[in-house]
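Next comes entry_20.pdb, a file with PDB, C-alpha atoms.
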ATOM      1  CA  MET A 909     125.576 110.258 104.947
ATOM      2  CA  ILE A 910     128.074 108.457 102.708
ATOM      3  CA  VAL A 911     128.702 104.747 103.227
ATOM      4  CA  ASP A 912     131.603 103.350 101.188
ATOM      5  CA  ASP A 913     134.786 101.465 102.038
ATOM      6  CA  HIS A 914     136.959 103.537  99.678
ATOM      7  CA  ALA A 915     138.211 106.544 101.621
ATOM      8  CA  LEU A 916     139.378 108.530  98.596
ATOM      9  CA  PHE A 917     135.992 108.143  96.896
ATOM     10  CA  CYS A 918     134.237 109.262 100.091
ATOM     11  CA  ASP A 919     136.427 112.349 100.327
ATOM     12  CA  SER A 920     135.797 113.264  96.683
ATOM     13  CA  LEU A 921     132.045 112.713  96.981
ATOM     14  CA  ALA A 922     131.860 114.735 100.198
ATOM     15  CA  THR A 923     133.654 117.604  98.462
ATOM     16  CA  LEU A 924     131.213 117.443  95.542
ATOM     17  CA  LEU A 925     128.197 117.427  97.848
ATOM     18  CA  GLU A 926     129.431 120.283 100.024
ATOM     19  CA  ALA A 927     130.212 122.348  96.891
ATOM     20  CA  SER A 928     126.614 121.916  95.735
ATOM     21  CA  GLY A 929     125.242 123.030  99.110
ATOM     22  CA  THR A 930     124.438 119.578 100.503
ATOM     23  CA  LYS A 931     125.623 118.987 104.051
ATOM     24  CA  VAL A 932     127.427 115.717 104.751
ATOM     25  CA  VAL A 933     126.634 114.661 108.315
ATOM     26  CA  GLY A 934     128.800 111.562 108.351
ATOM     27  CA  VAL A 935     131.024 109.171 106.427
ATOM     28  CA  ALA A 936     131.055 105.463 107.254
ATOM     29  CA  ASN A 937     133.527 102.952 105.854
ATOM     30  CA  GLY A 938     131.445  99.888 106.690
ATOM     31  CA  GLY A 939     127.906  98.713 107.250
ATOM     32  CA  ARG A 940     127.923  98.349 111.016
ATOM     33  CA  ASP A 941     129.597 101.729 111.425
ATOM     34  CA  ALA A 942     126.909 103.257 109.184
ATOM     35  CA  ILE A 943     124.039 101.832 111.219
ATOM     36  CA  GLU A 944     125.567 103.169 114.442
ATOM     37  CA  GLN A 945     126.164 106.626 112.949
ATOM     38  CA  ILE A 946     122.665 106.907 111.500
ATOM     39  CA  ALA A 947     121.195 106.567 114.974
ATOM     40  CA  THR A 948     122.935 109.748 116.120
ATOM     41  CA  ALA A 949     123.545 111.783 112.950
ATOM     42  CA  GLU A 950     119.953 111.379 111.645
ATOM     43  CA  PRO A 951     120.677 112.008 107.949
ATOM     44  CA  ASP A 952     117.933 112.733 105.401
ATOM     45  CA  VAL A 953     119.562 110.537 102.748
ATOM     46  CA  VAL A 954     122.078 107.686 102.891
ATOM     47  CA  LEU A 955     124.310 107.059  99.862
ATOM     48  CA  LEU A 956     125.203 103.403 100.135
ATOM     49  CA  ASP A 957     127.697 101.245  98.232
ATOM     50  CA  ILE A 958     126.853  97.589  97.649
ATOM     51  CA  ALA A 959     130.217  95.828  97.611
ATOM     52  CA  MET A 960     131.712  96.265 101.084
ATOM     53  CA  PRO A 961     133.630  93.836 103.297
ATOM     54  CA  GLY A 962     131.820  92.220 106.200
ATOM     55  CA  MET A 963     128.297  93.517 105.685
ATOM     56  CA  SER A 964     127.066  94.093 102.150
ATOM     57  CA  GLY A 965     125.211  97.238 101.183
ATOM     58  CA  ILE A 966     122.056  95.194 100.560
ATOM     59  CA  ASP A 967     122.165  93.876 104.132
ATOM     60  CA  VAL A 968     122.748  97.401 105.426
ATOM     61  CA  LEU A 969     119.786  98.643 103.357
ATOM     62  CA  ARG A 970     117.473  96.030 104.817
ATOM     63  CA  GLU A 971     118.519  96.818 108.379
ATOM     64  CA  ILE A 972     118.204 100.579 107.854
ATOM     65  CA  LYS A 973     114.732 100.219 106.348
ATOM     66  CA  ALA A 974     113.656  97.889 109.152
ATOM     67  CA  GLN A 975     114.670 100.494 111.742
ATOM     68  CA  ARG A 976     113.764 103.665 109.835
ATOM     69  CA  PRO A 977     111.484 102.850 106.880
ATOM     70  CA  ASN A 978     111.064 106.500 105.896
ATOM     71  CA  LEU A 979     114.798 107.239 105.660
ATOM     72  CA  LYS A 980     115.790 107.624 102.014
ATOM     73  CA  VAL A 981     118.511 105.227 100.926
ATOM     74  CA  VAL A 982     120.178 105.421  97.517
ATOM     75  CA  MET A 983     122.508 102.725  96.267
ATOM     76  CA  LEU A 984     125.627 104.374  94.782
ATOM     77  CA  THR A 985     127.614 101.595  93.184
ATOM     78  CA  MET A 986     129.564 100.276  90.213
ATOM     79  CA  SER A 987     127.323  97.213  90.016
ATOM     80  CA  ASP A 988     124.763  96.958  87.235
ATOM     81  CA  ARG A 989     124.124  93.279  88.002
ATOM     82  CA  GLU A 990     120.457  92.403  87.725
ATOM     83  CA  ALA A 991     120.569  90.517  91.039
ATOM     84  CA  ASP A 992     121.903  93.583  92.881
ATOM     85  CA  ILE A 993     119.373  95.896  91.242
ATOM     86  CA  MET A 994     116.408  93.701  92.115
ATOM     87  CA  ASP A 995     117.688  93.035  95.658
ATOM     88  CA  ALA A 996     118.007  96.789  96.177
ATOM     89  CA  ILE A 997     114.493  97.490  94.912
ATOM     90  CA  ASN A 998     113.019  94.644  96.947
ATOM     91  CA  GLY A 999     114.930  95.951  99.972
ATOM     92  CA  GLY A1000     113.227  99.325  99.672
ATOM     93  CA  ALA A1001     115.937 101.443  98.030
ATOM     94  CA  ASP A1002     114.765 104.900  96.951
ATOM     95  CA  GLY A1003     117.250 105.052  94.104
ATOM     96  CA  TYR A1004     120.055 103.300  92.280
ATOM     97  CA  ILE A1005     122.853 105.431  90.842
ATOM     98  CA  LEU A1006     125.922 104.137  89.071
ATOM     99  CA  LYS A1007     129.306 105.583  90.010
ATOM    100  CA  THR A1008     129.906 106.176  86.318
ATOM    101  CA  ALA A1009     127.423 109.092  86.439
ATOM    102  CA  THR A1010     128.784 112.561  85.767
ATOM    103  CA  SER A1011     128.664 115.113  88.586
ATOM    104  CA  GLU A1012     125.806 116.853  86.766
ATOM    105  CA  GLU A1013     123.814 113.627  86.445
ATOM    106  CA  PHE A1014     124.511 112.744  90.063
ATOM    107  CA  ASN A1015     123.334 116.122  91.382
ATOM    108  CA  LEU A1016     120.182 115.898  89.269
ATOM    109  CA  LEU A1017     119.357 112.407  90.529
ATOM    110  CA  LEU A1018     120.110 113.289  94.141
ATOM    111  CA  GLY A1019     117.822 116.301  93.817
ATOM    112  CA  LYS A1020     115.011 113.953  92.828
ATOM    113  CA  VAL A1021     115.484 111.892  95.976
ATOM    114  CA  LEU A1022     115.477 114.975  98.192
ATOM    115  CA  THR A1023     112.065 115.929  96.791
ATOM    116  CA  GLY A1024     110.549 112.479  97.224
ATOM    117  CA  ARG A1025     111.130 111.093  93.744
ATOM    118  CA  ALA A1026     112.924 107.966  92.613
ATOM    119  CA  ALA A1027     116.527 108.316  91.418
ATOM    120  CA  LEU A1028     117.648 105.890  88.753
ATOM    121  CA  SER A1029     120.589 106.029  86.397
ATOM    122  CA  PRO A1030     119.132 105.705  82.875
ATOM    123  CA  GLU A1031     120.886 102.375  82.353
ATOM    124  CA  ILE A1032     119.267 101.001  85.509
ATOM    125  CA  GLY A1033     115.806 102.165  84.454
ATOM    126  CA  MET A1034     116.171 100.246  81.201
ATOM    127  CA  ARG A1035     117.437  97.139  83.008
ATOM    128  CA  ILE A1036     114.351  97.182  85.247
ATOM    129  CA  PHE A1037     112.083  97.640  82.246
ATOM    130  CA  GLU A1038     113.755  94.741  80.419
ATOM    131  CA  ARG A1039     113.413  92.601  83.546
ATOM    132  CA  PHE A1040     109.656  93.191  83.617
ATOM    133  CA  GLY A1041     109.489  92.073  80.014
ATOM    134  CA  ASP A1042     111.339  88.858  80.841
ATOM    135  CA  ILE A1043     108.986  88.113  83.724
ATOM    136  CA  THR A1044     105.708  88.864  81.953
ATOM    137  CA  GLY A1045     106.613  87.856  78.409
ATOM    138  CA  GLY A1046     106.333  91.474  77.318
ATOM    139  CA  SER A1047     105.935  94.958  78.702
ATOM    140  CA  PRO A1048     103.062  95.099  81.231
ATOM    141  CA  VAL A1049     102.348  98.647  80.072
ATOM    142  CA  ARG A1050     101.663  97.384  76.569
ATOM    143  CA  GLY A1051      99.605  94.494  77.857
ATOM    144  CA  THR A1052      96.274  94.185  79.611
ATOM    145  CA  GLY A1053      97.451  96.145  82.645
ATOM    146  CA  LEU A1054      97.429  99.460  80.815
ATOM    147  CA  ALA A1055      93.966  98.793  79.432
ATOM    148  CA  GLU A1056      92.669  98.277  82.971
ATOM    149  CA  LEU A1057      93.805 101.690  84.200
ATOM    150  CA  SER A1058      91.168 104.323  84.867
ATOM    151  CA  GLU A1059      91.527 107.767  83.325
ATOM    152  CA  ARG A1060      92.788 109.132  86.662
ATOM    153  CA  GLU A1061      95.335 106.341  86.988
ATOM    154  CA  ARG A1062      96.583 107.035  83.453
ATOM    155  CA  GLN A1063      97.005 110.700  84.356
ATOM    156  CA  VAL A1064      98.930 109.786  87.502
ATOM    157  CA  LEU A1065     101.190 107.452  85.496
ATOM    158  CA  ASP A1066     101.859 110.217  82.984
ATOM    159  CA  LEU A1067     102.785 112.647  85.774
ATOM    160  CA  LEU A1068     105.025 110.063  87.426
ATOM    161  CA  ARG A1069     107.000 110.053  84.196
ATOM    162  CA  THR A1070     107.914 113.709  84.814
ATOM    163  CA  GLY A1071     109.210 112.872  88.306
ATOM    164  CA  LEU A1072     106.529 114.642  90.343
ATOM    165  CA  THR A1073     105.905 113.673  93.972
ATOM    166  CA  ASN A1074     102.459 112.644  95.219
ATOM    167  CA  LYS A1075     101.994 116.096  96.697
ATOM    168  CA  GLU A1076     102.905 117.779  93.413
ATOM    169  CA  ILE A1077     100.603 115.441  91.488
ATOM    170  CA  ALA A1078      97.786 116.245  93.916
ATOM    171  CA  THR A1079      98.260 119.959  93.304
ATOM    172  CA  ARG A1080      98.393 119.494  89.535
ATOM    173  CA  MET A1081      95.265 117.320  89.463
ATOM    174  CA  HIS A1082      93.378 119.267  92.170
ATOM    175  CA  LEU A1083      93.101 116.190  94.372
ATOM    176  CA  THR A1084      94.061 115.385  97.949
ATOM    177  CA  GLU A1085      97.397 113.673  98.494
ATOM    178  CA  SER A1086      95.637 110.639  99.986
ATOM    179  CA  THR A1087      93.551 110.292  96.821
ATOM    180  CA  VAL A1088      96.705 110.359  94.703
ATOM    181  CA  LYS A1089      98.256 107.671  96.907
ATOM    182  CA  TYR A1090      95.115 105.578  96.359
ATOM    183  CA  HIS A1091      95.416 105.946  92.571
ATOM    184  CA  VAL A1092      99.140 105.161  92.671
ATOM    185  CA  SER A1093      98.486 102.014  94.704
ATOM    186  CA  ASN A1094      95.809 100.816  92.270
ATOM    187  CA  MET A1095      98.000 101.617  89.280
ATOM    188  CA  LEU A1096     100.963  99.679  90.684
ATOM    189  CA  SER A1097      98.742  96.691  91.343
ATOM    190  CA  LYS A1098      97.229  96.663  87.856
ATOM    191  CA  LEU A1099     100.614  97.020  86.145
ATOM    192  CA  GLY A1100     102.330  94.447  88.340
ATOM    193  CA  LEU A1101     104.767  96.972  89.824
ATOM    194  CA  ARG A1102     105.921  97.036  93.428
ATOM    195  CA  ASN A1103     106.966 100.598  94.250
ATOM    196  CA  ARG A1104     107.630 104.107  92.950
ATOM    197  CA  VAL A1105     111.139 103.218  91.848
ATOM    198  CA  GLU A1106     109.765 100.613  89.457
ATOM    199  CA  ALA A1107     106.955 102.949  88.410
ATOM    200  CA  ALA A1108     109.403 105.750  87.587
ATOM    201  CA  ALA A1109     111.491 103.404  85.444
ATOM    202  CA  PHE A1110     108.355 102.022  83.852
ATOM    203  CA  ALA A1111     106.752 105.380  83.064
ATOM    204  CA  GLY A1112     109.939 106.685  81.531
ATOM    205  CA  THR A1113     109.843 104.033  78.795
ATOM    206  CA  ILE A1114     106.354 104.659  77.366
TER     207      ILE A1114
END
Whole structure, structure tokens version:
Amino acid sequence: MIVDDHALFCDSLATLLEASGTKVVGVANGGRDAIEQIATAEPDVVLLDIAMPGMSGIDVLREIKAQRPNLKVVMLTMSDREADIMDAINGGADGYILKTATSEEFNLLLGKVLTGRAALSPEIGMRIFERFGDITGGSPVRGTGLAELSERERQVLDLLRTGLTNKEIATRMHLTESTVKYHVSNMLSKLGLRNRVEAAAFAGTI
């Protein structure tokens, strides 16, 4: 589902998605309309703009995640403001893609989301990484957090860098998926990260 208040952009994006074999189940031009449509259309992924009249994309994200926490929501926006990025991550966004992405980059990032991975425009990944440095006085990965990781947790972090899902990591490491989730949880805690989106950005910089 596409949620954006610019009709021409929605039409162009829908055409791009359909051409790549992705079905568009709905187009909403505002937040409240999107929430109502999601209840009946049941999309797998919501592409959500941030700057919309009435109800901002961040507010829509929070309401969607409160109602359907497992629904994948990707912010598709022109905004690279740190406040918007962090609000989106804290709100549970599964990705953050800038509208300046090429069609090839967009399709690649969307493919990651569809397979359970985080989708971040490269510029956004670097902004997140820089933000961690500001908060901690340096990169957590280069600090004591990395030294505290077990060998398994280091392996999981390395595989996260390649964009693998928990299931794919479990297969690669010959572990159960629940064990991988346990290692991911411990790793996030030790590195001071909050979710897979941050971890993907983090792992891609080391």
Please provide the set of residues having any atom within 7 Å of segment 920-937 of chain A, restricted to only C-alpha atoms, with same-chain residues fewer than 2 positions apart removed, written as a PDB file with C-alpha atoms, in the frame of the given file.
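To be explicit, this is the file written out as selection.pdb:
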ATOM      1  CA  MET A 909     125.576 110.258 104.947  1.00  0.00           C
ATOM      2  CA  ILE A 910     128.074 108.457 102.708  1.00  0.00           C
ATOM      3  CA  VAL A 911     128.702 104.747 103.227  1.00  0.00           C
ATOM      4  CA  ASP A 912     131.603 103.350 101.188  1.00  0.00           C
ATOM      5  CA  ASP A 913     134.786 101.465 102.038  1.00  0.00           C
ATOM      6  CA  LEU A 916     139.378 108.530  98.596  1.00  0.00           C
ATOM      7  CA  PHE A 917     135.992 108.143  96.896  1.00  0.00           C
ATOM      8  CA  CYS A 918     134.237 109.262 100.091  1.00  0.00           C
ATOM      9  CA  ASP A 941     129.597 101.729 111.425  1.00  0.00           C
ATOM     10  CA  ALA A 942     126.909 103.257 109.184  1.00  0.00           C
ATOM     11  CA  ALA A 949     123.545 111.783 112.950  1.00  0.00           C
ATOM     12  CA  PRO A 951     120.677 112.008 107.949  1.00  0.00           C
TER      13      PRO A 951
END
Practice problem: Show which residues sit within 12 Å of Asp995 of chain A, as a list in words. Count all atoms listed in the file, and ignore same-chain residues fewer than 5 positions away. | Solution: Ile958, Ser964, Gly965, Ile966, Asp967, Val968, Leu969, Arg970, Met983, Ser987, Asp988, Arg989, Glu990, Gly1000, Ala1001, Tyr1004 and Ile1036 of chain A
Kindly indicate which residue among A:His1091, A:Arg1102, A:Lys1020, A:His914 lies nearest to Ile1005 of chain A, using all atoms listed in the file for the distances.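 Between A:His1091, A:Arg1102, A:Lys1020, A:His914, the residue approaching Ile1005 of chain A most closely is A:Lys1020.
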Between atom CA of Asp1002 of chain A and atom CA of Lys973 of chain A lies a distance of 10.5 Å
How far is it from atom CA of Thr1070 of chain A to atom CA of Leu956 of chain A, in Å with one decimal?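 Between these atoms lies a distance of 25.3 Å.
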For the structure shown, which residues end up in the PyMOL selection byres ((chain A and resi 1029) around 8)? Put them as a CSV table (one decimal) with C-alpha atoms, in the frame of the given file, please?
chain,number,residue,atom,x,y,z
A,1004,TYR,CA,120.1,103.3,92.3
A,1005,ILE,CA,122.9,105.4,90.8
A,1006,LEU,CA,125.9,104.1,89.1
A,1009,ALA,CA,127.4,109.1,86.4
A,1017,LEU,CA,119.4,112.4,90.5
A,1027,ALA,CA,116.5,108.3,91.4
A,1028,LEU,CA,117.6,105.9,88.8
A,1030,PRO,CA,119.1,105.7,82.9
A,1031,GLU,CA,120.9,102.4,82.4
A,1032,ILE,CA,119.3,101.0,85.5
A,1033,GLY,CA,115.8,102.2,84.5
Students should find that atom CA of Leu1065 of chain A and atom CA of Thr1087 of chain A are spaced 14.0 Å
Could you list the residues chosen by the PyMOL selection byres ((chain A and resi 961) around 9) in this structure as JSON, numbers by chain? {"A": [913, 938, 939, 959, 960, 962, 963, 964]}
| request: Run the PyMOL selection byres ((chain A and resi 1061) around 10) mentally over the shown coordinates, then write out the matched residues as number ranges by chain, using the chain letters and numbers from the document. | output: A: 1054, 1056-1060, 1062-1067, 1088, 1090-1096, 1098
